[in-house]
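So this one's work.cif, mmCIF, C-alpha atoms and all ligand atoms:
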```cif
data_work
loop_
_atom_site.label_atom_id
_atom_site.label_comp_id
_atom_site.auth_asym_id
_atom_site.auth_seq_id
_atom_site.Cartn_x
_atom_site.Cartn_y
_atom_site.Cartn_z
CA MET A 1070 -7.73 -7.09 -15.00
CA ASP A 1071 -11.44 -7.72 -14.94
CA ILE A 1072 -12.79 -6.64 -11.54
CA ARG A 1073 -15.25 -9.46 -10.95
CA SER A 1074 -12.75 -12.24 -11.60
CA GLN A 1075 -10.67 -10.96 -8.68
CA PHE A 1076 -13.37 -12.17 -6.27
CA PRO A 1077 -13.11 -15.97 -6.00
CA ILE A 1078 -16.22 -16.30 -3.81
CA LEU A 1079 -18.48 -14.96 -6.56
CA ASN A 1080 -17.64 -17.83 -8.86
CA GLN A 1081 -19.82 -20.48 -7.26
CA THR A 1082 -23.29 -21.91 -7.32
CA VAL A 1083 -25.68 -22.12 -4.37
CA TYR A 1084 -28.62 -24.54 -4.52
CA GLY A 1085 -27.39 -25.30 -8.03
CA LYS A 1086 -27.79 -21.67 -9.17
CA PRO A 1087 -25.05 -19.15 -9.88
CA LEU A 1088 -24.60 -17.00 -6.79
CA VAL A 1089 -25.99 -13.48 -7.12
CA TYR A 1090 -24.56 -11.56 -4.19
CA PHE A 1091 -26.65 -8.47 -3.48
CA ASP A 1092 -25.90 -8.09 0.24
CA ASN A 1093 -22.98 -5.74 -0.13
CA ALA A 1094 -24.24 -3.17 2.37
CA ALA A 1095 -23.91 -5.89 5.03
CA THR A 1096 -20.43 -6.82 3.87
CA THR A 1097 -18.57 -6.73 0.58
CA GLN A 1098 -16.67 -9.72 -0.75
CA LYS A 1099 -12.89 -9.72 -0.71
CA PRO A 1100 -10.62 -9.58 -3.75
CA GLN A 1101 -7.77 -12.09 -4.08
CA CYS A 1102 -5.20 -9.38 -3.24
CA VAL A 1103 -6.78 -8.85 0.21
CA ILE A 1104 -6.96 -12.60 0.83
CA ASP A 1105 -3.29 -12.86 -0.19
CA THR A 1106 -2.30 -10.12 2.25
CA LEU A 1107 -3.98 -11.99 5.11
CA CYS A 1108 -2.37 -15.31 4.12
CA ASN A 1109 1.06 -13.77 3.64
CA TYR A 1110 0.89 -12.00 6.96
CA TYR A 1111 0.32 -15.28 8.80
CA LYS A 1112 2.75 -17.18 6.59
CA SER A 1113 5.68 -14.83 6.91
CA LEU A 1114 5.17 -11.83 9.16
CA ASN A 1115 3.04 -12.70 12.19
CA SER A 1116 4.36 -11.12 15.38
CA ASN A 1117 3.26 -8.62 17.96
CA ILE A 1118 3.86 -5.00 17.07
CA HIS A 1119 5.44 -1.98 18.78
CA ARG A 1120 7.20 -4.07 21.42
CA GLY A 1121 9.40 -6.81 19.99
CA ALA A 1122 13.04 -6.06 19.28
CA HIS A 1123 13.26 -8.71 16.58
CA TYR A 1124 13.04 -8.65 12.80
CA LEU A 1125 9.47 -9.88 12.36
CA ALA A 1126 8.13 -7.51 15.01
CA SER A 1127 9.80 -4.51 13.46
CA GLN A 1128 8.63 -5.46 9.94
CA ALA A 1129 5.06 -5.97 11.14
CA THR A 1130 5.18 -2.68 13.07
CA GLU A 1131 6.47 -0.84 10.02
CA GLN A 1132 3.72 -2.23 7.80
CA TYR A 1133 1.05 -1.52 10.41
CA GLU A 1134 2.18 2.10 10.73
CA GLN A 1135 2.52 2.40 6.97
CA THR A 1136 -1.12 1.35 6.69
CA ARG A 1137 -2.04 4.09 9.15
CA ARG A 1138 -0.36 6.57 6.80
CA LYS A 1139 -2.24 5.03 3.88
CA VAL A 1140 -5.58 5.53 5.66
CA LYS A 1141 -4.57 9.10 6.48
CA GLU A 1142 -3.96 9.76 2.76
CA PHE A 1143 -7.14 7.94 1.73
CA ILE A 1144 -9.41 10.17 3.82
CA ASN A 1145 -7.05 13.15 3.73
CA ALA A 1146 -6.61 13.50 7.48
CA ARG A 1147 -4.13 16.11 8.64
CA HIS A 1148 -2.09 13.70 10.79
CA SER A 1149 -1.50 9.93 10.92
CA HIS A 1150 -2.03 10.02 14.66
CA GLU A 1151 -5.62 11.08 14.04
CA ILE A 1152 -6.22 7.57 12.65
CA VAL A 1153 -7.15 5.03 15.34
CA PHE A 1154 -7.57 1.39 14.37
CA THR A 1155 -10.61 -0.30 15.89
CA ARG A 1156 -12.64 -3.45 15.26
CA GLY A 1157 -15.09 -1.57 13.05
CA THR A 1158 -17.61 1.24 12.89
CA THR A 1159 -19.46 -0.01 15.94
CA GLU A 1160 -16.36 0.06 18.10
CA SER A 1161 -15.30 3.42 16.64
CA ILE A 1162 -18.63 5.03 17.58
CA ASN A 1163 -18.65 3.39 21.02
CA LEU A 1164 -15.15 4.71 21.60
CA VAL A 1165 -16.17 8.28 20.79
CA ALA A 1166 -19.52 8.11 22.60
CA SER A 1167 -17.87 6.77 25.72
CA SER A 1168 -14.73 8.89 25.79
CA PHE A 1169 -16.14 12.16 24.40
CA SER A 1170 -19.14 12.03 26.73
CA GLN A 1171 -16.97 11.54 29.82
CA ARG A 1172 -15.06 14.67 28.94
CA PHE A 1173 -17.67 16.90 27.33
CA ILE A 1174 -21.22 15.81 28.21
CA SER A 1175 -22.90 16.49 31.54
CA LYS A 1176 -26.33 16.59 33.11
CA GLY A 1177 -28.89 18.51 31.07
CA ASP A 1178 -26.83 18.43 27.86
CA GLU A 1179 -28.14 17.19 24.53
CA VAL A 1180 -26.89 14.88 21.78
CA VAL A 1181 -28.39 15.01 18.29
CA VAL A 1182 -28.69 11.97 16.00
CA SER A 1183 -30.90 11.39 12.97
CA ALA A 1184 -33.92 9.11 12.62
CA MET A 1185 -32.12 7.12 9.93
CA GLU A 1186 -29.12 6.02 11.98
CA HIS A 1187 -27.95 2.43 12.23
CA HIS A 1188 -28.47 1.18 15.80
CA SER A 1189 -24.72 1.48 16.30
CA ASN A 1190 -25.03 5.26 15.99
CA ILE A 1191 -28.00 5.38 18.37
CA VAL A 1192 -27.42 2.97 21.23
CA PRO A 1193 -23.89 4.11 22.21
CA TRP A 1194 -25.26 7.65 22.49
CA GLN A 1195 -28.24 6.45 24.52
CA LEU A 1196 -25.84 4.71 26.88
CA ALA A 1197 -23.71 7.84 27.12
CA CYS A 1198 -26.77 10.06 27.70
CA GLU A 1199 -28.03 7.73 30.41
CA ARG A 1200 -24.66 7.78 32.15
CA GLN A 1201 -24.21 11.53 31.92
CA GLY A 1202 -27.85 12.57 32.46
CA ALA A 1203 -28.17 14.00 28.95
CA THR A 1204 -30.99 13.83 26.38
CA LEU A 1205 -31.02 12.42 22.84
CA ARG A 1206 -32.69 14.59 20.17
CA VAL A 1207 -33.61 13.26 16.73
CA ILE A 1208 -33.53 14.83 13.24
CA PRO A 1209 -36.58 13.63 11.24
CA PHE A 1210 -36.66 12.67 7.55
CA ASP A 1211 -39.41 12.84 4.93
CA ASP A 1212 -41.15 10.13 2.88
CA GLN A 1213 -38.37 10.09 0.30
CA GLY A 1214 -35.77 9.56 3.00
CA ILE A 1215 -34.35 13.09 3.05
CA LEU A 1216 -33.29 14.68 6.35
CA ASP A 1217 -35.14 17.84 7.37
CA LEU A 1218 -32.34 20.37 7.75
CA ASP A 1219 -34.64 23.11 9.04
CA ALA A 1220 -35.76 20.81 11.84
CA PHE A 1221 -32.09 19.96 12.41
CA ALA A 1222 -31.07 23.60 12.77
CA ALA A 1223 -34.00 24.16 15.13
CA LEU A 1224 -32.88 21.26 17.36
CA LEU A 1225 -29.51 22.83 18.09
CA ASN A 1226 -29.15 24.94 21.20
CA GLU A 1227 -26.59 25.96 23.82
CA ARG A 1228 -26.88 22.53 25.47
CA THR A 1229 -26.10 20.54 22.30
CA ARG A 1230 -22.71 18.88 22.77
CA ILE A 1231 -22.39 16.75 19.64
CA VAL A 1232 -24.20 15.79 16.43
CA ALA A 1233 -23.83 12.18 15.23
CA VAL A 1234 -25.14 11.47 11.76
CA THR A 1235 -24.65 8.94 9.02
CA ASN A 1236 -23.05 9.91 5.73
CA VAL A 1237 -25.16 7.34 3.87
CA SER A 1238 -28.19 5.40 5.12
CA ASN A 1239 -27.67 1.63 4.99
CA THR A 1240 -31.42 1.10 4.51
CA LEU A 1241 -32.52 3.97 2.28
CA GLY A 1242 -29.26 4.66 0.45
CA THR A 1243 -29.70 8.41 1.02
CA VAL A 1244 -26.46 10.38 0.79
CA ASN A 1245 -26.93 12.97 3.50
CA PRO A 1246 -25.70 16.56 3.02
CA ILE A 1247 -23.10 16.15 5.73
CA ALA A 1248 -21.00 19.13 4.60
CA GLU A 1249 -24.06 21.31 5.18
CA ILE A 1250 -24.87 19.57 8.47
CA ILE A 1251 -21.31 20.15 9.65
CA ARG A 1252 -21.45 23.79 8.57
CA ILE A 1253 -24.67 24.37 10.54
CA ALA A 1254 -23.35 22.56 13.65
CA HIS A 1255 -19.96 24.29 13.51
CA SER A 1256 -21.59 27.71 13.22
CA ARG A 1257 -22.67 26.95 16.81
CA GLU A 1258 -19.34 25.33 17.69
CA ILE A 1259 -20.87 21.89 18.01
CA PRO A 1260 -18.67 18.98 16.88
CA VAL A 1261 -19.94 16.38 14.42
CA LEU A 1262 -19.34 12.64 14.24
CA VAL A 1263 -20.00 11.08 10.84
CA ASP A 1264 -20.81 7.39 10.48
CA GLY A 1265 -19.08 6.57 7.22
CA ALA A 1266 -19.75 2.82 7.14
CA GLN A 1267 -21.89 3.02 3.98
CA ALA A 1268 -20.03 5.86 2.31
CA ILE A 1269 -16.38 4.93 2.39
CA SER A 1270 -16.43 2.47 -0.53
CA HIS A 1271 -18.84 4.54 -2.64
CA ARG A 1272 -17.81 8.17 -2.37
CA LYS A 1273 -14.64 10.22 -2.03
CA VAL A 1274 -14.21 11.10 1.63
CA ASP A 1275 -12.04 14.07 2.53
CA VAL A 1276 -12.27 14.72 6.26
CA GLN A 1277 -10.47 18.06 6.06
CA GLN A 1278 -12.73 19.35 3.33
CA LEU A 1279 -15.79 18.14 5.24
CA GLY A 1280 -14.40 19.55 8.44
CA CYS A 1281 -15.95 16.71 10.46
CA ASP A 1282 -14.61 16.05 13.94
CA PHE A 1283 -14.93 12.25 13.84
CA TYR A 1284 -15.35 9.87 10.91
CA CYS A 1285 -15.92 6.15 11.50
CA PHE A 1286 -15.88 3.19 9.12
CA SER A 1287 -15.36 -0.57 8.81
CA GLY A 1288 -12.86 -2.47 6.67
CA HIS A 1289 -15.28 -5.22 5.75
CA LYS A 1290 -17.66 -2.92 3.89
CA MET A 1291 -14.86 -1.67 1.64
CA TYR A 1292 -13.49 -4.99 0.29
CA GLY A 1293 -11.28 -5.41 3.36
CA PRO A 1294 -11.27 -7.93 6.19
CA MET A 1295 -13.76 -8.20 9.02
CA GLY A 1296 -12.71 -7.19 12.50
CA VAL A 1297 -10.93 -3.98 11.58
CA GLY A 1298 -12.09 -0.41 11.23
CA VAL A 1299 -11.10 3.20 11.70
CA MET A 1300 -11.97 6.03 14.02
CA TYR A 1301 -10.67 9.31 12.65
CA GLY A 1302 -10.76 12.11 15.18
CA ARG A 1303 -9.47 15.66 15.11
CA GLU A 1304 -6.27 15.93 17.11
CA GLU A 1305 -7.52 18.80 19.30
CA LEU A 1306 -10.47 16.71 20.51
CA LEU A 1307 -8.62 13.39 20.80
CA GLU A 1308 -5.97 15.07 22.94
CA GLN A 1309 -8.63 16.14 25.42
CA MET A 1310 -10.49 12.83 25.54
CA PRO A 1311 -9.73 10.12 28.12
CA PRO A 1312 -8.72 6.59 27.05
CA TYR A 1313 -11.52 4.20 26.08
CA GLN A 1314 -9.93 0.95 27.22
CA GLY A 1315 -7.02 0.34 29.53
CA GLY A 1316 -4.26 -2.15 28.91
CA GLY A 1317 -0.98 -2.66 27.16
CA GLU A 1318 0.19 -0.22 24.50
CA MET A 1319 -1.96 2.72 25.65
CA ILE A 1320 0.20 3.68 28.64
CA LYS A 1321 3.41 5.60 29.17
CA ASP A 1322 4.07 4.60 32.79
CA VAL A 1323 2.12 2.45 35.18
CA THR A 1324 2.40 2.43 38.94
CA PHE A 1325 -0.29 1.48 41.42
CA GLU A 1326 -0.55 5.13 42.41
CA ARG A 1327 -0.84 6.64 38.96
CA THR A 1328 -0.78 5.74 35.28
CA THR A 1329 0.15 8.15 32.52
CA TYR A 1330 -1.13 7.59 29.02
CA ASN A 1331 0.64 7.12 25.75
CA GLU A 1332 0.46 9.72 23.00
CA LEU A 1333 -1.99 9.63 20.08
CA PRO A 1334 -3.03 7.34 18.51
CA PHE A 1335 -1.76 4.70 20.94
CA LYS A 1336 -3.78 6.15 23.82
CA PHE A 1337 -6.82 4.67 22.07
CA GLU A 1338 -5.33 1.37 20.93
CA ALA A 1339 -5.14 -0.80 24.04
CA GLY A 1340 -3.97 -4.38 23.57
CA THR A 1341 -2.78 -6.34 20.56
CA PRO A 1342 -4.52 -5.09 17.43
CA ALA A 1343 -5.65 -7.16 14.44
CA VAL A 1344 -2.38 -6.56 12.61
CA GLY A 1345 -3.05 -8.87 9.65
CA ASP A 1346 -6.49 -7.36 9.18
CA VAL A 1347 -5.11 -3.83 9.30
CA LEU A 1348 -2.66 -4.79 6.54
CA GLY A 1349 -5.59 -6.32 4.63
CA LEU A 1350 -7.43 -3.02 4.99
CA GLY A 1351 -4.40 -1.33 3.45
CA THR A 1352 -4.61 -3.66 0.46
CA ALA A 1353 -8.36 -2.95 0.15
CA ILE A 1354 -7.54 0.77 -0.02
CA ASP A 1355 -5.03 0.02 -2.80
CA PHE A 1356 -7.70 -2.01 -4.59
CA ILE A 1357 -10.21 0.86 -4.41
CA SER A 1358 -7.59 3.42 -5.39
CA GLN A 1359 -6.51 1.40 -8.41
CA ILE A 1360 -10.04 1.26 -9.78
CA GLY A 1361 -10.72 4.83 -8.65
CA ILE A 1362 -13.54 5.78 -6.31
CA GLY A 1363 -15.08 7.89 -9.11
CA THR A 1364 -15.24 4.83 -11.40
CA ILE A 1365 -16.74 2.76 -8.60
CA ALA A 1366 -19.40 5.40 -7.92
CA ALA A 1367 -20.23 5.74 -11.62
CA THR A 1368 -20.45 1.96 -12.16
CA GLU A 1369 -22.68 1.53 -9.14
CA LYS A 1370 -24.90 4.46 -10.11
CA GLU A 1371 -25.42 3.05 -13.56
CA LEU A 1372 -26.38 -0.31 -12.09
CA THR A 1373 -28.62 1.21 -9.41
CA ASP A 1374 -30.46 3.37 -11.96
CA TYR A 1375 -30.96 0.34 -14.18
CA ALA A 1376 -32.16 -1.83 -11.28
CA THR A 1377 -34.50 0.89 -10.01
CA GLY A 1378 -36.05 1.23 -13.46
CA GLN A 1379 -36.50 -2.52 -13.81
CA LEU A 1380 -37.87 -3.07 -10.30
CA GLN A 1381 -40.33 -0.18 -10.62
CA GLN A 1382 -41.99 -1.99 -13.51
CA ILE A 1383 -42.92 -4.92 -11.29
CA GLU A 1384 -46.52 -4.65 -10.18
CA GLY A 1385 -46.99 -4.15 -6.45
CA LEU A 1386 -43.31 -3.41 -5.77
CA ARG A 1387 -42.65 -0.32 -3.65
CA ILE A 1388 -39.20 1.19 -3.13
CA TYR A 1389 -38.33 2.87 0.19
CA GLY A 1390 -35.69 5.56 -0.11
CA THR A 1391 -36.06 7.67 -3.22
CA ALA A 1392 -33.74 10.59 -2.51
CA PRO A 1393 -32.11 12.01 -5.67
CA ASP A 1394 -28.64 11.39 -4.25
CA LYS A 1395 -28.41 7.70 -3.34
CA THR A 1396 -25.78 5.02 -3.22
CA SER A 1397 -26.33 1.51 -4.50
CA VAL A 1398 -28.96 0.40 -1.98
CA ILE A 1399 -32.54 -0.47 -2.95
CA SER A 1400 -35.01 -1.32 -0.20
CA PHE A 1401 -38.39 -2.60 -1.29
CA LEU A 1402 -41.55 -4.52 -0.44
CA ILE A 1403 -43.84 -6.50 -2.71
CA GLY A 1404 -47.58 -6.25 -2.07
CA ASN A 1405 -48.34 -7.48 1.43
CA ALA A 1406 -45.59 -10.08 1.41
CA HIS A 1407 -43.40 -10.27 4.47
CA PRO A 1408 -39.81 -9.33 3.59
CA TYR A 1409 -38.51 -12.51 5.18
CA ASP A 1410 -40.62 -14.67 2.84
CA VAL A 1411 -39.33 -12.77 -0.20
CA GLY A 1412 -35.75 -13.16 1.02
CA THR A 1413 -36.16 -16.89 1.60
CA LEU A 1414 -37.59 -17.50 -1.85
CA LEU A 1415 -34.88 -15.41 -3.51
CA ASP A 1416 -32.24 -17.31 -1.55
CA LYS A 1417 -33.46 -20.60 -2.99
CA LEU A 1418 -32.88 -19.09 -6.42
CA GLY A 1419 -29.28 -18.27 -5.51
CA ILE A 1420 -29.88 -14.58 -4.78
CA ALA A 1421 -28.50 -13.15 -1.54
CA VAL A 1422 -30.38 -10.10 -0.24
CA ARG A 1423 -30.90 -8.87 3.27
CA THR A 1424 -34.32 -8.77 4.87
CA GLY A 1425 -35.61 -7.22 8.07
CA HIS A 1426 -35.05 -3.89 9.77
CA HIS A 1427 -31.33 -3.72 8.88
CA CYS A 1428 -30.52 -2.47 12.40
CA THR A 1429 -32.56 0.66 11.69
CA GLN A 1430 -35.82 0.02 13.52
CA PRO A 1431 -36.70 3.75 13.76
CA ILE A 1432 -36.77 3.86 9.94
CA MET A 1433 -39.28 1.01 9.89
CA ASP A 1434 -41.37 2.76 12.53
CA ARG A 1435 -41.30 5.95 10.46
CA TYR A 1436 -42.85 4.09 7.50
CA GLY A 1437 -44.99 1.76 9.62
CA ILE A 1438 -43.52 -1.40 8.07
CA PRO A 1439 -41.92 -4.48 9.64
CA GLY A 1440 -38.84 -4.35 7.47
CA THR A 1441 -37.78 -4.38 3.85
CA VAL A 1442 -36.00 -6.54 1.33
CA ARG A 1443 -32.71 -4.86 0.54
CA ALA A 1444 -30.59 -5.37 -2.55
CA SER A 1445 -27.26 -3.56 -2.38
CA PHE A 1446 -24.68 -3.49 -5.15
CA ALA A 1447 -20.91 -3.36 -5.28
CA VAL A 1448 -18.54 -2.61 -8.13
CA TYR A 1449 -18.47 -6.27 -9.24
CA ASN A 1450 -22.23 -6.67 -9.75
CA THR A 1451 -23.70 -6.82 -13.25
CA ARG A 1452 -26.83 -5.97 -15.24
CA ASP A 1453 -27.31 -9.68 -15.83
CA GLU A 1454 -27.59 -10.18 -12.09
CA VAL A 1455 -30.17 -7.38 -11.90
CA ASP A 1456 -32.13 -9.11 -14.66
CA THR A 1457 -31.90 -12.34 -12.66
CA ILE A 1458 -33.40 -10.79 -9.51
CA CYS A 1459 -36.16 -9.07 -11.50
CA ALA A 1460 -37.07 -12.35 -13.23
CA ALA A 1461 -36.98 -14.11 -9.86
CA ILE A 1462 -39.28 -11.54 -8.26
CA ARG A 1463 -41.75 -11.86 -11.13
CA ARG A 1464 -41.65 -15.62 -10.67
CA ILE A 1465 -42.18 -15.62 -6.91
CA ALA A 1466 -44.68 -12.71 -6.74
CA PRO A 1467 -47.73 -14.94 -7.39
CA MET A 1468 -46.64 -17.28 -4.56
CA LEU A 1469 -46.68 -14.37 -2.13
CA GLN A 1470 -50.26 -13.14 -2.56
N1 LIG B 1501 -23.31 2.21 10.51
C1 LIG B 1501 -23.91 1.91 9.36
C2 LIG B 1501 -24.49 3.01 8.52
C3 LIG B 1501 -23.96 0.57 8.94
O1 LIG B 1501 -24.55 0.28 7.79
C4 LIG B 1501 -23.40 -0.44 9.75
C5 LIG B 1501 -23.50 -1.90 9.40
C6 LIG B 1501 -22.75 -0.05 10.93
C7 LIG B 1501 -22.73 1.27 11.29
C8 LIG B 1501 -22.06 -1.03 11.83
O2 LIG B 1501 -20.93 -1.52 11.18
P1 LIG B 1501 -20.07 -2.71 11.82
O3 LIG B 1501 -19.08 -3.03 10.74
O4 LIG B 1501 -19.45 -2.20 13.04
O5 LIG B 1501 -21.05 -3.82 12.07
N2 LIG B 1501 -24.57 -2.18 8.57
C9 LIG B 1501 -25.02 -3.41 8.24
C10 LIG B 1501 -26.06 -3.61 7.34
O6 LIG B 1501 -26.64 -2.72 6.74
N3 LIG B 1501 -26.30 -4.91 7.24
O7 LIG B 1501 -25.46 -5.57 8.03
C11 LIG B 1501 -24.66 -4.65 8.67
#
```
Show me, as structure tokens, the structure contained in the file I just sent.
Ligand code: 7TS
Amino acid sequence: MDIRSQFPILNQTVYGKPLVYFDNAATTQKPQCVIDTLCNYYKSLNSNIHRGAHYLASQATEQYEQTRRKVKEFINARHSHEIVFTRGTTESINLVASSFSQRFISKGDEVVVSAMEHHSNIVPWQLACERQGATLRVIPFDDQGILDLDAFAALLNERTRIVAVTNVSNTLGTVNPIAEIIRIAHSREIPVLVDGAQAISHRKVDVQQLGCDFYCFSGHKMYGPMGVGVMYGREELLEQMPPYQGGGEMIKDVTFERTTYNELPFKFEAGTPAVGDVLGLGTAIDFISQIGIGTIAATEKELTDYATGQLQQIEGLRIYGTAPDKTSVISFLIGNAHPYDVGTLLDKLGIAVRTGHHCTQPIMDRYGIPGTVRASFAVYNTRDEVDTICAAIRRIAPMLQ
């Protein structure tokens, strides 16, 4: 079946123009199969999991746990109990930053992040460092948007407790050499958290092959529902880390004197989870697997190369993020135009892009710019849509001088 026709939202007009949706790095649209899973869950399965003794509860529990196994296979984790369901990448990183730091970070220690992190892989570590009396160190990147691995290696020392780095930059599109980063950090026995929010729907992720200690991602950026995500953590570390939130489900026994905690992964899943959304995430994984992540990557690369070539021909247009290995993200500015003005004009022509700092203010500071216009592609986008945005930019450029 044609991929694009599986996304009902794409078949509409906005302001009388066919919708061109190029804001996929913010969130991807959802195929009918994912929407059906959500509807069917609430139509025929809704119930609270792990506790009810009745039919619906046991069916919902079974499907929820089956999805955990599906995620395990998808990222090739060693164990299902290394997969913790969260509300998304942000919650996954906050969980690790909070719990890991309580156990492993103390006064005078250091945490390393990169200068191209999304705020959600900066601020939780700043909070943790503040609490524990530790210091944040930052890996720089060059004009093309490539991390400086020599500077990275030089940052590591006997006080470094963890490295937290993004697999793919949401603003520059750079695919970071995380296998190499992990190798360097592990040679000094430093664990590595990888923010996989922008990688998971574009590249094959194999956490065992990478050897990463934590890998975090969101369902909504991989054709799945909002409000659900994954924190993968290596069993040995998760076992040693304290719970993140307290509540139902994460305990073994509670008395007022002492509470003992449930085993993995339940220790980290306090309260009623978003069961329907977890099942929707499972369907999104099926959707990706059916197309094949290799096919998705190839389709997006072809489109990104085409778009880059076309955009580069537009006078006064500058692209930020020109690393050789990129995903389907193109950040740009036109002349002296403010990105917000470009975005507003494109919107009126039916084209959805994101404008601003994309929650990566340090990247903007690095280039000395207020923000960018960002077009980001998914597997359902087309060359015709790229032609539409290029024609639109040519049309609006004179209005922006
Ligand atoms: N990390 C990266 C690399 C991201 O791109 C994002 C979201 C997050 C973490 C946070 O994910 P969440 O699902 O918990 O919000 N990035 C974007 C973006 O580029 N535009 O909107 C959200």
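Shortest atom-to-atom contact with Val1237 (chain A) among A:Ile1162, A:Ala1339, A:Ala1392, A:Ile1357: A:Ala1392, counting all atoms listed in the file.
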What are the nearest atom pairs, with distances in Å to one decimal, for all residues of chain A that come at most 6 Å from ligand LIG 1501 (chain B), using only C-alpha atoms and all ligand atoms, set out by chain and rising residue number as JSON lines?
```
{"residue": "A:Ala1094", "atom": "CA", "partner": "B:LIG1501", "partner_atom": "O6", "distance": 5.0}
{"residue": "A:Ala1095", "atom": "CA", "partner": "B:LIG1501", "partner_atom": "O7", "distance": 3.4}
{"residue": "A:Gly1157", "atom": "CA", "partner": "B:LIG1501", "partner_atom": "O4", "distance": 4.4}
{"residue": "A:Thr1158", "atom": "CA", "partner": "B:LIG1501", "partner_atom": "O4", "distance": 3.9}
{"residue": "A:Thr1159", "atom": "CA", "partner": "B:LIG1501", "partner_atom": "O4", "distance": 3.6}
{"residue": "A:His1187", "atom": "CA", "partner": "B:LIG1501", "partner_atom": "N1", "distance": 5.0}
{"residue": "A:Ser1189", "atom": "CA", "partner": "B:LIG1501", "partner_atom": "C7", "distance": 5.4}
{"residue": "A:Thr1235", "atom": "CA", "partner": "B:LIG1501", "partner_atom": "C2", "distance": 6.0}
{"residue": "A:Ser1238", "atom": "CA", "partner": "B:LIG1501", "partner_atom": "C2", "distance": 5.6}
{"residue": "A:Asn1239", "atom": "CA", "partner": "B:LIG1501", "partner_atom": "O1", "distance": 4.4}
{"residue": "A:Asp1264", "atom": "CA", "partner": "B:LIG1501", "partner_atom": "N1", "distance": 5.8}
{"residue": "A:Ala1266", "atom": "CA", "partner": "B:LIG1501", "partner_atom": "C1", "distance": 4.8}
{"residue": "A:Gln1267", "atom": "CA", "partner": "B:LIG1501", "partner_atom": "C2", "distance": 5.2}
{"residue": "A:Ser1287", "atom": "CA", "partner": "B:LIG1501", "partner_atom": "O3", "distance": 4.9}
{"residue": "A:His1427", "atom": "CA", "partner": "B:LIG1501", "partner_atom": "O6", "distance": 5.3}
```
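Picture a line from CA of Arg1073 (chain A) to CA of Tyr1449 (chain A); it runs 4.8 Å.
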I need the residue nearest Ile1360 (chain A) from this list: A:Gln1135, A:Thr1243, A:Thr1229, A:Val1448. Use all atoms listed in the file for the distance. A:Val1448
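Closest approach to Leu1350 (chain A) among A:Asp1105, A:Asp1322, A:Asp1394, A:Asp1410 is made by A:Asp1105 (distances from all atoms listed in the file).
What separates CA of Asn1245 (chain A) from CA of Ala1146 (chain A) is a distance of 20.7 Å.
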Leu1114 (chain A) surroundings by only C-alpha atoms, 8 Å radius, close-in-sequence under 5 positions cut, as a VMD selection string: chain A and resid 1109 1125 to 1126 1128 to 1129
Test item: residues at most 7 Å from Arg1423 (chain A), only C-alpha atoms, excluding those fewer than 3 positions along its chain, as an mmCIF file with C-alpha atoms, keeping the file's coordinate frame:
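The file below, out32.cif, is the result:
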```cif
data_model
loop_
_atom_site.group_PDB
_atom_site.id
_atom_site.type_symbol
_atom_site.label_atom_id
_atom_site.label_comp_id
_atom_site.auth_asym_id
_atom_site.auth_seq_id
_atom_site.Cartn_x
_atom_site.Cartn_y
_atom_site.Cartn_z
ATOM 1 C CA ASP A 1092 -25.900 -8.090 0.240
ATOM 2 C CA GLY A 1412 -35.750 -13.160 1.020
ATOM 3 C CA VAL A 1442 -36.000 -6.540 1.330
ATOM 4 C CA ARG A 1443 -32.710 -4.860 0.540
ATOM 5 C CA ALA A 1444 -30.590 -5.370 -2.550
#
```
Extract, using all atoms listed in the file, all DNA, RNA and protein residues at most 7 Å from Leu1241 (chain A), discarding same-chain residues fewer than 5 positions from it, and format them as a VMD selection string. chain A and resid 1214 1389 to 1390 1398 to 1400
Shell around region 1465-1467 of chain A at 8 Å using only C-alpha atoms, local window under 6 positions removed, as a PyMOL selection string: chain A and resi 1403+1411+1414
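When only C-alpha atoms are used to compute distances to Lys1086 (chain A), the closest of the residues A:Arg1303, A:Ile1420, A:Tyr1330, A:Ala1461 turns out to be A:Ile1420.
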Can you tell me, as an MDAnalysis selection string, what residues are no more than 6 Å from Ala1184 (chain A) when counting all atoms listed in the file, ignoring any on the same chain fewer than 4 positions away? chainID A and resid 1207:1209
To test the calculation: enclose all listed atoms of region 1337-1353 of chain A in a box whose edges run along x, y and z, add 6 Å on each side, then state centre and edge lengths in Å to one decimal, as AutoDock Vina command-line options.
```
--center_x -5.4 --center_y -2.1 --center_z 12.1 --size_x 18.0 --size_y 25.5 --size_z 35.9
```
In Å and to one decimal, CA of Phe1325 (chain A) is distant from CA of Thr1341 (chain A) by 22.4 Å
N, CA and C atoms are what I want for region 1301-1305 of chain A; can you complete it accordingly and write them as a compact mmCIF listing (two decimals), keeping the file's coordinate frame?
```txt
# COMPACT_ATOMS: atom_id res chain seq x y z
N TYR A 1301 -11.44 8.08 12.86
CA TYR A 1301 -10.67 9.31 12.65
C TYR A 1301 -11.21 10.34 13.63
N GLY A 1302 -10.31 11.03 14.31
CA GLY A 1302 -10.76 12.11 15.18
C GLY A 1302 -9.80 13.28 15.06
N ARG A 1303 -10.33 14.47 15.17
CA ARG A 1303 -9.47 15.66 15.11
C ARG A 1303 -8.56 15.70 16.33
N GLU A 1304 -7.29 15.95 16.06
CA GLU A 1304 -6.27 15.93 17.11
C GLU A 1304 -6.68 16.72 18.36
N GLU A 1305 -7.20 17.93 18.16
CA GLU A 1305 -7.52 18.80 19.30
C GLU A 1305 -8.51 18.12 20.24
```
